[in-house]
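Okay, query-v7.cif now, which holds mmCIF, C-alpha atoms:
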data_protein
#
loop_
_atom_site.label_atom_id
_atom_site.label_comp_id
_atom_site.auth_asym_id
_atom_site.auth_seq_id
_atom_site.Cartn_x
_atom_site.Cartn_y
_atom_site.Cartn_z
CA MET Z 1 47.09 14.69 59.48
CA LYS Z 2 45.47 16.12 56.36
CA THR Z 3 48.31 14.78 54.23
CA LEU Z 4 47.89 11.30 55.71
CA ARG Z 5 44.13 11.29 55.16
CA ARG Z 6 44.58 12.35 51.53
CA THR Z 7 47.12 9.55 51.06
CA LEU Z 8 44.77 6.94 52.57
CA VAL Z 9 41.86 8.10 50.36
CA LEU Z 10 44.05 7.93 47.26
CA LEU Z 11 45.25 4.44 48.14
CA ALA Z 12 41.70 3.26 48.73
CA ALA Z 13 40.59 4.66 45.41
CA LEU Z 14 43.42 2.98 43.56
CA THR Z 15 42.74 -0.32 45.32
CA GLY Z 16 39.07 -0.09 44.39
CA VAL Z 17 39.90 0.52 40.75
CA GLY Z 18 42.25 -2.41 40.62
CA THR Z 19 39.77 -4.69 42.34
CA ALA Z 20 36.94 -3.64 40.03
CA ALA Z 21 39.11 -4.14 36.98
CA GLY Z 22 40.18 -7.57 38.18
CA TYR Z 23 36.57 -8.56 38.92
CA ALA Z 24 35.37 -7.29 35.55
CA ALA Z 25 38.04 -9.35 33.83
CA THR Z 26 36.60 -12.53 35.35
CA LEU Z 27 33.00 -11.83 34.25
CA PRO Z 28 31.68 -14.09 31.47
CA VAL Z 29 30.85 -11.98 28.40
CA GLY Z 30 28.16 -13.52 26.20
CA SER Z 31 28.41 -13.44 22.43
CA LEU Z 32 25.26 -11.29 22.39
CA HIS Z 33 27.20 -8.38 23.87
CA LEU Z 34 30.08 -8.73 21.42
CA TRP Z 35 27.97 -9.26 18.24
CA GLY Z 36 28.08 -6.21 16.01
CA GLY Z 37 26.02 -7.46 13.05
CA ALA Z 38 22.55 -6.37 11.94
CA GLN Z 39 19.43 -8.37 12.69
CA THR Z 40 18.01 -10.17 9.66
CA LEU Z 41 14.23 -10.07 9.39
CA THR Z 42 12.30 -12.73 7.52
CA LYS Z 43 10.78 -11.40 4.34
CA GLY Z 44 7.69 -12.55 2.50
CA THR Z 45 5.76 -11.72 -0.66
CA CYS Z 46 2.05 -12.04 -1.31
CA THR Z 47 0.45 -11.47 -4.70
CA LEU Z 48 -3.33 -11.08 -4.95
CA SER Z 49 -5.16 -11.34 -8.25
CA GLY Z 50 -8.18 -12.94 -9.87
CA SER Z 51 -11.90 -12.76 -9.16
CA THR Z 52 -11.74 -14.74 -5.90
CA GLN Z 53 -9.24 -12.36 -4.29
CA THR Z 54 -10.32 -9.14 -5.98
CA SER Z 55 -13.44 -6.98 -6.07
CA ASP Z 56 -13.61 -4.42 -8.84
CA THR Z 57 -16.06 -2.42 -10.88
CA TYR Z 58 -16.59 1.02 -12.35
CA VAL Z 59 -19.36 3.55 -11.92
CA GLN Z 60 -20.81 6.03 -14.41
CA GLN Z 61 -22.16 9.46 -13.65
CA ASP Z 62 -24.30 9.39 -16.79
CA HIS Z 63 -25.77 5.99 -15.80
CA ALA Z 64 -26.03 6.63 -12.09
CA THR Z 65 -27.95 3.45 -11.15
CA THR Z 66 -26.06 1.01 -13.39
CA SER Z 67 -23.66 -1.53 -11.85
CA SER Z 68 -20.83 -3.03 -13.91
CA GLY Z 69 -19.23 -5.58 -11.61
CA SER Z 70 -19.35 -8.37 -14.18
CA ALA Z 71 -17.74 -6.36 -16.99
CA THR Z 72 -14.38 -7.54 -18.33
CA THR Z 73 -13.12 -3.96 -18.62
CA MET Z 74 -13.44 -0.83 -16.47
CA ASN Z 75 -13.40 2.81 -17.50
CA VAL Z 76 -12.01 5.97 -15.96
CA GLN Z 77 -13.46 8.90 -17.84
CA SER Z 78 -13.18 12.65 -17.74
CA ALA Z 79 -16.13 14.42 -19.31
CA SER Z 80 -18.53 17.02 -18.00
CA GLY Z 81 -21.51 15.17 -16.53
CA LYS Z 82 -20.13 11.81 -17.69
CA LEU Z 83 -17.39 10.99 -15.20
CA HIS Z 84 -16.47 7.32 -14.75
CA ALA Z 85 -14.44 5.94 -11.84
CA VAL Z 86 -12.87 2.55 -11.14
CA PHE Z 87 -13.08 0.81 -7.75
CA VAL Z 88 -10.77 -2.05 -6.79
CA SER Z 89 -10.03 -3.88 -3.53
CA PHE Z 90 -8.25 -7.07 -2.47
CA ASP Z 91 -8.80 -9.67 0.24
CA LEU Z 92 -5.72 -9.15 2.41
CA SER Z 93 -6.75 -11.95 4.80
CA SER Z 94 -5.66 -14.59 2.29
CA CYS Z 95 -2.05 -13.39 2.70
CA ASN Z 96 -1.95 -14.12 6.47
CA LEU Z 97 0.05 -10.95 6.98
CA PRO Z 98 1.53 -10.56 10.51
CA ALA Z 99 0.49 -7.33 12.23
CA THR Z 100 3.91 -7.21 13.93
CA GLY Z 101 5.67 -6.83 10.60
CA GLY Z 102 4.42 -4.38 8.03
CA ALA Z 103 4.61 -3.73 4.32
CA ASP Z 104 8.03 -2.90 2.89
CA SER Z 105 6.27 -2.16 -0.37
CA ALA Z 106 2.85 -2.60 -1.93
CA THR Z 107 2.11 -2.10 -5.62
CA LEU Z 108 -1.27 -1.97 -7.31
CA SER Z 109 -0.94 -3.00 -10.96
CA LEU Z 110 -3.63 -2.12 -13.50
CA ARG Z 111 -3.52 -3.09 -17.16
CA LEU Z 112 -4.40 -0.18 -19.42
CA THR Z 113 -5.94 -1.76 -22.51
CA THR Z 114 -7.03 1.46 -24.23
CA HIS Z 115 -5.33 4.78 -23.61
CA PRO Z 116 -7.02 8.18 -23.62
CA VAL Z 117 -6.48 10.59 -26.49
CA GLN Z 118 -4.14 12.64 -24.32
CA ASN Z 119 -1.93 11.66 -21.41
CA ARG Z 120 -4.02 11.89 -18.23
CA VAL Z 121 -3.13 12.10 -14.53
CA LEU Z 122 -5.38 9.77 -12.55
CA THR Z 123 -6.05 10.14 -8.84
CA VAL Z 124 -5.80 7.12 -6.50
CA THR Z 125 -7.81 7.53 -3.29
CA PRO Z 126 -8.45 5.00 -0.48
CA VAL Z 127 -12.07 4.08 0.18
CA THR Z 128 -13.09 3.95 3.85
CA SER Z 129 -16.56 2.39 3.47
CA GLN Z 130 -17.60 -1.11 2.48
CA TRP Z 131 -18.82 -1.68 -1.07
CA THR Z 132 -19.54 -4.58 -3.41
CA GLU Z 133 -19.33 -5.15 -7.15
CA SER Z 134 -22.95 -4.09 -7.47
CA LEU Z 135 -21.79 -0.53 -6.71
CA THR Z 136 -23.42 2.26 -8.71
CA TRP Z 137 -22.56 5.93 -9.11
CA THR Z 138 -25.36 6.80 -6.69
CA ASP Z 139 -23.90 4.40 -4.11
CA ALA Z 140 -20.35 5.64 -4.65
CA VAL Z 141 -21.30 9.23 -3.87
CA GLY Z 142 -22.26 8.14 -0.35
CA LEU Z 143 -19.03 6.24 0.43
CA GLY Z 144 -16.27 7.52 2.69
CA TYR Z 145 -12.86 8.40 1.26
CA GLY Z 146 -9.46 9.13 2.72
CA ALA Z 147 -6.80 11.54 1.55
CA THR Z 148 -5.46 10.92 -1.95
CA THR Z 149 -2.63 8.40 -1.82
CA THR Z 150 -0.94 9.13 -5.11
CA THR Z 151 -1.45 9.94 -8.78
CA VAL Z 152 -0.45 8.04 -11.90
CA GLU Z 153 -0.07 9.06 -15.54
CA THR Z 154 -1.77 7.00 -18.22
CA GLY Z 155 0.59 7.77 -21.07
CA THR Z 156 -0.67 7.30 -24.63
CA LYS Z 157 0.05 3.63 -25.34
CA ASN Z 158 -2.29 0.65 -25.27
CA ASN Z 159 -1.63 -2.57 -23.35
CA VAL Z 160 0.71 -1.24 -20.71
CA THR Z 161 0.68 -1.93 -16.99
CA LEU Z 162 0.46 1.00 -14.60
CA ALA Z 163 2.35 0.24 -11.37
CA ILE Z 164 0.88 2.32 -8.56
CA PRO Z 165 2.66 2.53 -5.15
CA VAL Z 166 0.15 2.07 -2.31
CA THR Z 167 2.56 1.05 0.46
CA VAL Z 168 1.35 3.64 2.95
CA ASP Z 169 -2.25 2.38 2.75
CA VAL Z 170 -1.46 -1.34 2.92
CA ASP Z 171 1.06 -0.90 5.75
CA ALA Z 172 -1.53 0.98 7.80
CA LYS Z 173 -4.11 -1.76 7.19
CA ILE Z 174 -1.70 -4.50 8.27
CA LYS Z 175 -0.67 -2.76 11.49
CA SER Z 176 -4.19 -1.75 12.48
CA SER Z 177 -5.82 -5.05 11.39
CA SER Z 178 -8.62 -2.92 9.97
CA ALA Z 179 -10.77 -3.85 6.98
CA ASN Z 180 -9.50 -3.08 3.51
CA TYR Z 181 -11.89 -1.32 1.15
CA GLY Z 182 -9.41 -0.64 -1.62
CA TRP Z 183 -9.16 2.41 -3.83
CA ALA Z 184 -11.10 4.64 -6.20
CA ILE Z 185 -9.30 5.67 -9.38
CA ASP Z 186 -10.67 8.66 -11.24
CA ASP Z 187 -9.75 11.50 -13.58
CA LEU Z 188 -10.51 14.87 -12.02
CA GLY Z 189 -8.27 16.91 -14.27
CA ALA Z 190 -9.32 19.61 -16.69
CA VAL Z 191 -11.65 18.18 -19.31
CA SER Z 192 -10.49 18.21 -22.92
CA GLY Z 193 -13.29 16.42 -24.72
CA THR Z 194 -14.12 12.92 -23.56
CA GLN Z 195 -10.97 11.26 -22.24
CA THR Z 196 -11.40 7.54 -21.46
CA SER Z 197 -8.89 5.14 -19.94
CA THR Z 198 -9.96 1.48 -20.16
CA PHE Z 199 -8.54 -1.14 -17.79
CA ALA Z 200 -8.86 -4.92 -17.64
CA SER Z 201 -10.97 -6.16 -14.71
CA SER Z 202 -10.64 -9.30 -12.59
CA GLU Z 203 -13.18 -10.94 -14.94
CA ASN Z 204 -10.92 -10.38 -17.95
CA GLY Z 205 -10.26 -13.48 -20.03
CA THR Z 206 -6.49 -12.91 -19.94
CA SER Z 207 -5.39 -13.65 -16.39
CA ALA Z 208 -2.12 -11.71 -16.78
CA ASN Z 209 -4.15 -8.54 -17.44
CA ARG Z 210 -6.20 -8.66 -14.25
CA PRO Z 211 -5.61 -6.18 -11.39
CA THR Z 212 -2.87 -7.30 -9.04
CA LEU Z 213 -1.71 -6.24 -5.59
CA THR Z 214 1.85 -7.31 -4.72
CA ILE Z 215 2.92 -6.93 -1.10
CA ASN Z 216 6.48 -7.35 0.17
CA TYR Z 217 6.41 -7.61 3.96
CA GLU Z 218 8.35 -8.46 7.11
CA LYS Z 219 7.41 -11.31 9.41
#
For the file at hand, write its structure as structure tokens.
Amino acid sequence: MKTLRRTLVLLAALTGVGTAAGYAATLPVGSLHLWGGAQTLTKGTCTLSGSTQTSDTYVQQDHATTSSGSATTMNVQSASGKLHAVFVSFDLSSCNLPATGGADSATLSLRLTTHPVQNRVLTVTPVTSQWTESLTWTDAVGLGYGATTTTVETGTKNNVTLAIPVTVDVDAKIKSSSANYGWAIDDLGAVSGTQTSTFASSENGTSANRPTLTINYEK
């Protein structure tokens, strides 16, 4: 009896396997299930530059209530009691960036028109409070700041473009749809005399020298 029951169970199992295999063979298999390629996302690029898309200025510790938003150049300076810092932001809304995508890369480009005496390492820090081109040193002290994004070396040559990677900041802004207040660029290194780095502003007469933000993104 036990032998017979084992035989019947085995036969039933084999029949079930054969039936299932035959049924599976008749199922329609869509191309979606057989496709082994990679999905291709649509890419886009947005470049922001010029006075209508950019806000920039610099502030001076030794002229704490002076605003310089209309100046054609901006200074970053390292000197005891005479620090200068550059502020720059861009209107991301004009790019129509999709929040579902994100930034593959974002590069802030600043044209260094006059180099410091020695190579300097500048600090690039996101600003978390709203500001305008009428910003003064006194105002800047009261702004909010995030963690430093990156640093960049000036080198010792005039008329070069510093390409600064700011992908992490721009990507976060896109995905959170939060306001963009740009960055502060300053020189907080050890002082060796007065070290000044001069950059072209968005009011500069040579359009190719103006600050630029280039965003490569997915959509």
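Every polymer residue reaching to within 10 Å of (-4.9, 9.3, -23.9), counting all atoms listed in the file, appears in this list: Thr114, His115, Pro116, Val117, Gln118, Asn119, Arg120, Val121, Glu153, Thr154, Gly155, Thr156, Lys157, Asn158, Thr194, Gln195, Thr196 and Ser197 of chain Z.
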Point (-10.2, -5.7, 4.8), cut-off 8 Å, counting all atoms listed in the file, residues as a list of chain:residue names: Z:Phe90, Z:Asp91, Z:Leu92, Z:Ser93, Z:Lys173, Z:Ser177, Z:Ser178, Z:Ala179, Z:Asn180, Z:Tyr181
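Closest to Thr66 of chain Z among Z:Ala79, Z:Thr138, Z:Pro165, Z:Pro98 is Z:Thr138, based on all atoms listed in the file.
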What's around segment 144-149 of chain Z at 6 Å? Count only C-alpha atoms, leave out sequence neighbours fewer than 5 positions away in its own chain, and write the answer as a short mmCIF file (atom, residue, chain, number, x, y, z; two decimals) with C-alpha atoms, in the frame of the given file.
data_model
loop_
_atom_site.label_atom_id
_atom_site.label_comp_id
_atom_site.auth_asym_id
_atom_site.auth_seq_id
_atom_site.Cartn_x
_atom_site.Cartn_y
_atom_site.Cartn_z
CA VAL Z 124 -5.80 7.12 -6.50
CA THR Z 125 -7.81 7.53 -3.29
CA PRO Z 126 -8.45 5.00 -0.48
CA VAL Z 127 -12.07 4.08 0.18
CA THR Z 128 -13.09 3.95 3.85
CA SER Z 129 -16.56 2.39 3.47
#
With the cut-off set at 10 Å and counting all atoms listed in the file, tabulate each residue of segment 32-148 of chain Z with an atom at most that distance from an atom of segment 206-217 of chain Z, showing the nearest atom pair and its distance in Å to one decimal, ordered by chain and increasing number, as a tab-separated table.
residue	atom	partner	partner_atom	distance
Z:Leu41	CA	Z:Tyr217	CA	9.8
Z:Thr42	CA	Z:Tyr217	CA	8.6
Z:Lys43	CA	Z:Tyr217	CA	5.8
Z:Gly44	CA	Z:Tyr217	CA	5.3
Z:Thr45	CA	Z:Asn216	CA	4.5
Z:Cys46	CA	Z:Ile215	CA	5.2
Z:Thr47	CA	Z:Thr214	CA	4.4
Z:Leu48	CA	Z:Leu213	CA	5.1
Z:Ser49	CA	Z:Thr212	CA	4.7
Z:Gly50	CA	Z:Arg210	CA	6.4
Z:Ser51	CA	Z:Arg210	CA	8.7
Z:Gln53	CA	Z:Thr212	CA	9.4
Z:Thr54	CA	Z:Pro211	CA	7.8
Z:Ser55	CA	Z:Pro211	CA	9.5
Z:Asp56	CA	Z:Pro211	CA	8.6
Z:Thr72	CA	Z:Arg210	CA	9.2
Z:Thr73	CA	Z:Arg210	CA	9.4
Z:Val88	CA	Z:Pro211	CA	8.1
Z:Ser89	CA	Z:Leu213	CA	8.9
Z:Phe90	CA	Z:Leu213	CA	7.3
Z:Asp91	CA	Z:Leu213	CA	9.8
Z:Leu92	CA	Z:Leu213	CA	9.4
Z:Cys95	CA	Z:Ile215	CA	9.0
Z:Leu97	CA	Z:Tyr217	CA	7.8
Z:Pro98	CA	Z:Tyr217	CA	8.7
Z:Gly101	CA	Z:Tyr217	CA	6.7
Z:Gly102	CA	Z:Tyr217	CA	5.6
Z:Ala103	CA	Z:Tyr217	CA	4.3
Z:Asp104	CA	Z:Tyr217	CA	5.1
Z:Ser105	CA	Z:Asn216	CA	5.2
Z:Ala106	CA	Z:Ile215	CA	4.4
Z:Thr107	CA	Z:Thr214	CA	5.3
Z:Leu108	CA	Z:Leu213	CA	4.6
Z:Ser109	CA	Z:Thr212	CA	5.1
Z:Leu110	CA	Z:Pro211	CA	5.0
Z:Arg111	CA	Z:Asn209	CA	5.5
Z:Leu112	CA	Z:Asn209	CA	8.6
Z:Thr113	CA	Z:Asn209	CA	8.7
Between atom CA of Val168 of chain Z and atom CA of Trp183 of chain Z, distance in Å (one decimal): 12.6 Å
Centre and size of axis-aligned box enclosing segment 187-190 of chain Z plus 8 Å each side, as JSON:
{"center_x": -9.4, "center_y": 15.6, "center_z": -14.4, "size_x": 18.2, "size_y": 24.1, "size_z": 20.7}
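The two atoms in question, atom CA of Gln77 of chain Z and atom CA of Asp187 of chain Z, are spaced 6.2 Å apart.
The smallest atom-to-atom distance between Asp139 of chain Z and any of Z:Thr65, Z:Thr57, Z:Thr198, Z:Asn159, using only C-alpha atoms, is found for Z:Thr65.
Interatomic distance, atom CA of Glu133 of chain Z against atom CA of Asp169 of chain Z: 21.1 Å.
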Option closest in space to Val59 of chain Z, from Z:Asp186, Z:Glu218, Z:Asp171, Z:Glu203 [counting only C-alpha atoms]: Z:Asp186
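Distances to Thr52 of chain Z were evaluated for Z:Val166, Z:Ile174, Z:Ser94, Z:Trp131 using only C-alpha atoms, and the minimum falls at Z:Ser94.
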